[in-house]
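Reviewing the structure listed below.
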Amino acid sequence: MTNDTALTALPLAPGQWALDPFHSSVNFTIRHLGIAKVRGRFERLEAGLFVGQRVEDVRISATVDLASINTGNADRDAHVRASDLLDVAKRPTMTYRSTRVSGQGEDWTMEGELTIGDVTRPVTLAVEFGGLVEVPMDGSRHAGFEATGEIRRGDFGLDFAPGLLGEVVKIQLDMQFVEPKKTT
């Protein structure tokens, strides 16, 4: 299958798609003490999806406000934001920029660069295309995606609390994007 055929199989109109922030989330899981998982999310996210004429032209960019961490425990969240752990004063955001998208049907792979603070590393995400639907209330068309992957904290200089927190952070993104308005 050529890349042009793969793009045709993904029914997204060319243009700049806008994030639907009310139906999108950035979630993570990390081991605590090696025996249990702590789950959390980041509440503030900006992202955009650019769809071109070919798969090679598809690009995603996202910025996450690290201070918006929410693990369901306000004291823990405040500690994670502090200078001895995540240090959101020094590392206020996490950004992702795709460099290559490939796949077909529902299963895609997105290669890109993740930056936390002043460290940038390659990160590949498995992407599931959930589909495209027209919203009855306003006629807008939404596309849904789930992306999963993992990073190693040490790769980004986040090697605090060894033994307490796991090295691997699993990431799950649930994203909806709104099709650009057609111009006549």
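For the structure tokens, the naming scheme is as follows: chains receive sequential letters (A, B, ...) according to their order of presentation, residues are indexed from 1 within each chain, and ligands are indexed from 1 in presentation order.
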Report the closest atom pair, with its distance in Å rounded to one decimal, for each residue of range 134-168 of chain A that has an atom no farther than 12 Å from range 48-51 of chain A; count only C-alpha atoms, sort by chain and then rising residue number, and write it as CSV.
residue,atom,partner,partner_atom,distance
A:His142,CA,A:Leu49,CA,11.9
A:Ala143,CA,A:Leu49,CA,10.4
A:Gly144,CA,A:Leu49,CA,11.5
A:Phe145,CA,A:Leu49,CA,11.1
ask   = Thr99 in chain A: which residues within 10 Å, counting only C-alpha atoms, same-chain residues fewer than 2 positions away excluded, as a list in words?
value = Glu56, Asp57, Val58, Arg59, Ile60, Ser61, Tyr96, Arg97, Val101, Met110, Glu111, Gly112, Glu113, Pro122, Val123 and Thr124 of chain A
inquiry  = Quick one: residues within 8 Å of His23 in chain A, only C-alpha atoms, excluding same-chain residues fewer than 5 positions away - as a ChimeraX atom specification?
reply    = /A:174-176
All residues 12 Å or closer to Asp107 in chain A, only C-alpha atoms, same chain fewer than 6 positions away omitted, as a PDB file with N, CA, C and O atoms, in the first residue's frame:
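Output contents, as saved in out.pdb:
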ATOM      1  N   ALA A   6      -2.844   5.022   1.853  1.00  0.00           N
ATOM      2  CA  ALA A   6      -3.076   4.996   3.301  1.00  0.00           C
ATOM      3  C   ALA A   6      -3.799   6.256   3.753  1.00  0.00           C
ATOM      4  O   ALA A   6      -4.691   6.206   4.583  1.00  0.00           O
ATOM      5  N   ALA A   9      -7.389   6.054   2.998  1.00  0.00           N
ATOM      6  CA  ALA A   9      -8.091   5.172   3.927  1.00  0.00           C
ATOM      7  C   ALA A   9      -8.409   5.885   5.246  1.00  0.00           C
ATOM      8  O   ALA A   9      -9.285   5.465   5.970  1.00  0.00           O
ATOM      9  N   LEU A  10      -7.680   6.942   5.564  1.00  0.00           N
ATOM     10  CA  LEU A  10      -7.952   7.735   6.758  1.00  0.00           C
ATOM     11  C   LEU A  10      -8.731   8.958   6.309  1.00  0.00           C
ATOM     12  O   LEU A  10      -8.173   9.870   5.713  1.00  0.00           O
ATOM     13  N   VAL A 101       4.495   9.933  10.523  1.00  0.00           N
ATOM     14  CA  VAL A 101       3.289   9.157  10.799  1.00  0.00           C
ATOM     15  C   VAL A 101       3.206   8.069   9.738  1.00  0.00           C
ATOM     16  O   VAL A 101       3.393   8.346   8.545  1.00  0.00           O
ATOM     17  N   LEU A 125       4.905   6.553  19.434  1.00  0.00           N
ATOM     18  CA  LEU A 125       3.604   6.219  20.011  1.00  0.00           C
ATOM     19  C   LEU A 125       2.826   5.320  19.061  1.00  0.00           C
ATOM     20  O   LEU A 125       2.839   5.536  17.841  1.00  0.00           O
ATOM     21  N   ALA A 126       2.148   4.333  19.612  1.00  0.00           N
ATOM     22  CA  ALA A 126       1.190   3.531  18.848  1.00  0.00           C
ATOM     23  C   ALA A 126      -0.118   4.303  18.847  1.00  0.00           C
ATOM     24  O   ALA A 126      -0.583   4.742  19.903  1.00  0.00           O
ATOM     25  N   VAL A 127      -0.701   4.487  17.677  1.00  0.00           N
ATOM     26  CA  VAL A 127      -1.910   5.296  17.543  1.00  0.00           C
ATOM     27  C   VAL A 127      -3.034   4.448  16.968  1.00  0.00           C
ATOM     28  O   VAL A 127      -2.865   3.772  15.959  1.00  0.00           O
ATOM     29  N   GLU A 128      -4.177   4.508  17.634  1.00  0.00           N
ATOM     30  CA  GLU A 128      -5.390   3.854  17.142  1.00  0.00           C
ATOM     31  C   GLU A 128      -6.353   4.944  16.683  1.00  0.00           C
ATOM     32  O   GLU A 128      -6.682   5.848  17.449  1.00  0.00           O
ATOM     33  N   PHE A 129      -6.757   4.860  15.433  1.00  0.00           N
ATOM     34  CA  PHE A 129      -7.737   5.799  14.892  1.00  0.00           C
ATOM     35  C   PHE A 129      -9.119   5.291  15.280  1.00  0.00           C
ATOM     36  O   PHE A 129      -9.535   4.215  14.876  1.00  0.00           O
ATOM     37  N   GLY A 130      -9.834   6.071  16.096  1.00  0.00           N
ATOM     38  CA  GLY A 130     -11.142   5.660  16.592  1.00  0.00           C
ATOM     39  C   GLY A 130     -12.279   5.919  15.630  1.00  0.00           C
ATOM     40  O   GLY A 130     -13.360   5.361  15.772  1.00  0.00           O
ATOM     41  N   GLY A 131     -12.051   6.788  14.654  1.00  0.00           N
ATOM     42  CA  GLY A 131     -13.085   7.063  13.667  1.00  0.00           C
ATOM     43  C   GLY A 131     -13.380   8.545  13.547  1.00  0.00           C
ATOM     44  O   GLY A 131     -12.784   9.391  14.208  1.00  0.00           O
ATOM     45  N   PHE A 145      -8.690   9.662  18.458  1.00  0.00           N
ATOM     46  CA  PHE A 145      -7.453   8.895  18.448  1.00  0.00           C
ATOM     47  C   PHE A 145      -7.085   8.496  19.864  1.00  0.00           C
ATOM     48  O   PHE A 145      -7.340   9.238  20.808  1.00  0.00           O
ATOM     49  N   GLU A 146      -6.450   7.333  19.995  1.00  0.00           N
ATOM     50  CA  GLU A 146      -5.805   6.948  21.240  1.00  0.00           C
ATOM     51  C   GLU A 146      -4.346   6.675  20.907  1.00  0.00           C
ATOM     52  O   GLU A 146      -4.050   5.956  19.950  1.00  0.00           O
ATOM     53  N   ALA A 147      -3.429   7.269  21.655  1.00  0.00           N
ATOM     54  CA  ALA A 147      -2.002   7.046  21.456  1.00  0.00           C
ATOM     55  C   ALA A 147      -1.411   6.538  22.760  1.00  0.00           C
ATOM     56  O   ALA A 147      -1.721   7.055  23.833  1.00  0.00           O
ATOM     57  N   THR A 148      -0.569   5.518  22.653  1.00  0.00           N
ATOM     58  CA  THR A 148       0.061   4.947  23.835  1.00  0.00           C
ATOM     59  C   THR A 148       1.559   4.777  23.600  1.00  0.00           C
ATOM     60  O   THR A 148       2.009   4.601  22.476  1.00  0.00           O
TER      61      THR A 148
END
query = If you run DSSP on this backbone, which residues of range 31-151 of chain A come out as strand (DSSP E or B), and could you give them as number ranges by chain?
reply = A: 31-32, 36-42, 45-51, 59-65, 69-70, 93-104, 107-116, 119-134, 141-151
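Distances to Val64 in chain A were evaluated for A:Pro21, A:Gly163, A:Gly154, A:Pro180 using only C-alpha atoms, and the minimum falls at A:Pro21.
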message = Among range 21-56 of chain A, which ones does DSSP assign to helix (DSSP H, G or I) (computed from the backbone)? Answer as a ChimeraX atom specification.
response = /A:21-23,55-56
task = Using only C-alpha atoms, pick whichever of A:Arg76, A:Arg121, A:His32, A:Lys170 has the shortest atom-to-atom distance to Thr95 in chain A.
result =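 Looking only at the distances to Thr95 in chain A, the closest residue turns out to be A:Arg121.
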request  = Using CA of Leu33 in chain A and CA of Glu167 in chain A as the two end points, give the distance in Å to one decimal.
outcome  = 10.9 Å
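Comparing A:Asp118, A:Asp84, A:Asp138, A:Asp65 by their smallest distance to Ala161 in chain A, the closest is A:Asp84 (using only C-alpha atoms).
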ask   = Using only C-alpha atoms, which of A:Arg153, A:Val80, A:Arg41, A:Leu164 sits nearest Thr29 in chain A?
value =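 For Thr29 in chain A, the nearest of the given residues is A:Arg41.
Between CA of Ala13 in chain A and CA of Glu43 in chain A lies a distance of 28.2 Å.
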request  = Tell me, as a list in words, which residues lie within 12 Å of Asp155 in chain A, counting only C-alpha atoms; anything in the same chain fewer than 3 positions away does not count.
outcome  = Leu114, Thr115, Ile116, Gly117, Asp118, Val119, Thr120, Arg121, Pro122, Val123, Glu150, Ile151, Arg152, Leu158, Asp159, Phe160, Glu167, Val168 and Val169 of chain A
What are the closest atom pairs, with distances in Å to one decimal, for each residue of range 91-121 of chain A lying within 7 Å of range 66-71 of chain A, using only C-alpha atoms, rows by chain and rising residue number, as a Markdown table?
| residue | atom | partner | partner_atom | distance |
| --- | --- | --- | --- | --- |
| A:Pro92 | CA | A:Leu66 | CA | 5.6 |
| A:Thr93 | CA | A:Leu66 | CA | 5.2 |
| A:Met94 | CA | A:Leu66 | CA | 6.6 |
Hey, can you spit out that residue selection with C-alpha atoms as a short mmCIF file (atom, residue, chain, number, x, y, z; two decimals), in the first residue's frame?
data_model
loop_
_atom_site.label_atom_id
_atom_site.label_comp_id
_atom_site.auth_asym_id
_atom_site.auth_seq_id
_atom_site.Cartn_x
_atom_site.Cartn_y
_atom_site.Cartn_z
CA PRO A 92 6.87 24.27 33.06
CA THR A 93 5.87 22.33 29.96
CA MET A 94 6.25 19.10 28.10
#
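Within the 12 Å cut-off around Lys182 in chain A, using only C-alpha atoms and omitting residues fewer than 4 positions from it on the same chain, the listed residues are Ala13, Pro14, Gly15, Gln16, Trp17, Gly139, Ser140, Arg141 and Val178 of chain A.
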Residues from the last selection, all heavy atoms, saved as a PDB file, in the first residue's frame:
ATOM      1  N   ALA A  13     -10.062  15.401   6.284  1.00  0.00           N
ATOM      2  CA  ALA A  13      -9.918  16.499   5.343  1.00  0.00           C
ATOM      3  C   ALA A  13      -8.605  17.229   5.599  1.00  0.00           C
ATOM      4  O   ALA A  13      -8.209  17.413   6.743  1.00  0.00           O
ATOM      5  CB  ALA A  13     -11.089  17.471   5.499  1.00  0.00           C
ATOM      6  N   PRO A  14      -7.931  17.658   4.537  1.00  0.00           N
ATOM      7  CA  PRO A  14      -6.702  18.438   4.720  1.00  0.00           C
ATOM      8  C   PRO A  14      -6.995  19.739   5.454  1.00  0.00           C
ATOM      9  O   PRO A  14      -8.074  20.315   5.342  1.00  0.00           O
ATOM     10  CB  PRO A  14      -6.242  18.718   3.289  1.00  0.00           C
ATOM     11  CG  PRO A  14      -6.909  17.676   2.453  1.00  0.00           C
ATOM     12  CD  PRO A  14      -8.220  17.394   3.131  1.00  0.00           C
ATOM     13  N   GLY A  15      -6.003  20.189   6.219  1.00  0.00           N
ATOM     14  CA  GLY A  15      -6.110  21.450   6.939  1.00  0.00           C
ATOM     15  C   GLY A  15      -5.692  21.302   8.384  1.00  0.00           C
ATOM     16  O   GLY A  15      -5.235  20.243   8.823  1.00  0.00           O
ATOM     17  N   GLN A  16      -5.847  22.388   9.125  1.00  0.00           N
ATOM     18  CA  GLN A  16      -5.469  22.434  10.543  1.00  0.00           C
ATOM     19  C   GLN A  16      -6.665  22.039  11.406  1.00  0.00           C
ATOM     20  O   GLN A  16      -7.625  22.798  11.507  1.00  0.00           O
ATOM     21  CB  GLN A  16      -4.976  23.833  10.919  1.00  0.00           C
ATOM     22  CG  GLN A  16      -4.449  23.938  12.326  1.00  0.00           C
ATOM     23  CD  GLN A  16      -3.178  23.139  12.529  1.00  0.00           C
ATOM     24  OE1 GLN A  16      -2.263  23.188  11.721  1.00  0.00           O
ATOM     25  NE2 GLN A  16      -3.121  22.386  13.619  1.00  0.00           N
ATOM     26  N   TRP A  17      -6.613  20.876  12.024  1.00  0.00           N
ATOM     27  CA  TRP A  17      -7.661  20.390  12.905  1.00  0.00           C
ATOM     28  C   TRP A  17      -7.410  20.950  14.310  1.00  0.00           C
ATOM     29  O   TRP A  17      -6.280  20.993  14.775  1.00  0.00           O
ATOM     30  CB  TRP A  17      -7.637  18.868  12.947  1.00  0.00           C
ATOM     31  CG  TRP A  17      -8.116  18.225  11.680  1.00  0.00           C
ATOM     32  CD1 TRP A  17      -7.550  18.330  10.439  1.00  0.00           C
ATOM     33  CD2 TRP A  17      -9.247  17.385  11.530  1.00  0.00           C
ATOM     34  NE1 TRP A  17      -8.263  17.612   9.529  1.00  0.00           N
ATOM     35  CE2 TRP A  17      -9.317  17.007  10.173  1.00  0.00           C
ATOM     36  CE3 TRP A  17     -10.208  16.900  12.412  1.00  0.00           C
ATOM     37  CZ2 TRP A  17     -10.310  16.176   9.679  1.00  0.00           C
ATOM     38  CZ3 TRP A  17     -11.194  16.066  11.917  1.00  0.00           C
ATOM     39  CH2 TRP A  17     -11.251  15.719  10.571  1.00  0.00           C
ATOM     40  N   GLY A 139     -23.158  19.939  13.564  1.00  0.00           N
ATOM     41  CA  GLY A 139     -22.693  19.491  12.256  1.00  0.00           C
ATOM     42  C   GLY A 139     -21.180  19.405  12.122  1.00  0.00           C
ATOM     43  O   GLY A 139     -20.679  19.055  11.054  1.00  0.00           O
ATOM     44  N   SER A 140     -20.442  19.728  13.187  1.00  0.00           N
ATOM     45  CA  SER A 140     -18.982  19.621  13.107  1.00  0.00           C
ATOM     46  C   SER A 140     -18.584  18.149  13.062  1.00  0.00           C
ATOM     47  O   SER A 140     -19.296  17.278  13.552  1.00  0.00           O
ATOM     48  CB  SER A 140     -18.327  20.321  14.299  1.00  0.00           C
ATOM     49  OG  SER A 140     -18.664  19.672  15.510  1.00  0.00           O
ATOM     50  N   ARG A 141     -17.434  17.895  12.458  1.00  0.00           N
ATOM     51  CA  ARG A 141     -16.932  16.518  12.370  1.00  0.00           C
ATOM     52  C   ARG A 141     -15.728  16.381  13.298  1.00  0.00           C
ATOM     53  O   ARG A 141     -14.829  17.208  13.281  1.00  0.00           O
ATOM     54  CB  ARG A 141     -16.584  16.163  10.934  1.00  0.00           C
ATOM     55  CG  ARG A 141     -17.852  16.047  10.103  1.00  0.00           C
ATOM     56  CD  ARG A 141     -17.640  15.866   8.615  1.00  0.00           C
ATOM     57  NE  ARG A 141     -16.407  15.313   8.165  1.00  0.00           N
ATOM     58  CZ  ARG A 141     -16.291  14.165   7.476  1.00  0.00           C
ATOM     59  NH1 ARG A 141     -17.359  13.453   7.184  1.00  0.00           N
ATOM     60  NH2 ARG A 141     -15.113  13.754   7.060  1.00  0.00           N
ATOM     61  N   VAL A 178     -11.259  18.522  15.857  1.00  0.00           N
ATOM     62  CA  VAL A 178     -12.397  19.027  15.094  1.00  0.00           C
ATOM     63  C   VAL A 178     -11.915  19.435  13.707  1.00  0.00           C
ATOM     64  O   VAL A 178     -10.935  20.176  13.570  1.00  0.00           O
ATOM     65  CB  VAL A 178     -13.064  20.227  15.806  1.00  0.00           C
ATOM     66  CG1 VAL A 178     -14.256  20.734  15.014  1.00  0.00           C
ATOM     67  CG2 VAL A 178     -13.459  19.843  17.228  1.00  0.00           C
TER      68      VAL A 178
END
note = With distances taken over only C-alpha atoms, the candidate from A:Lys37, A:Leu12, A:Leu85, A:Glu134 nearest Pro162 in chain A is A:Leu85
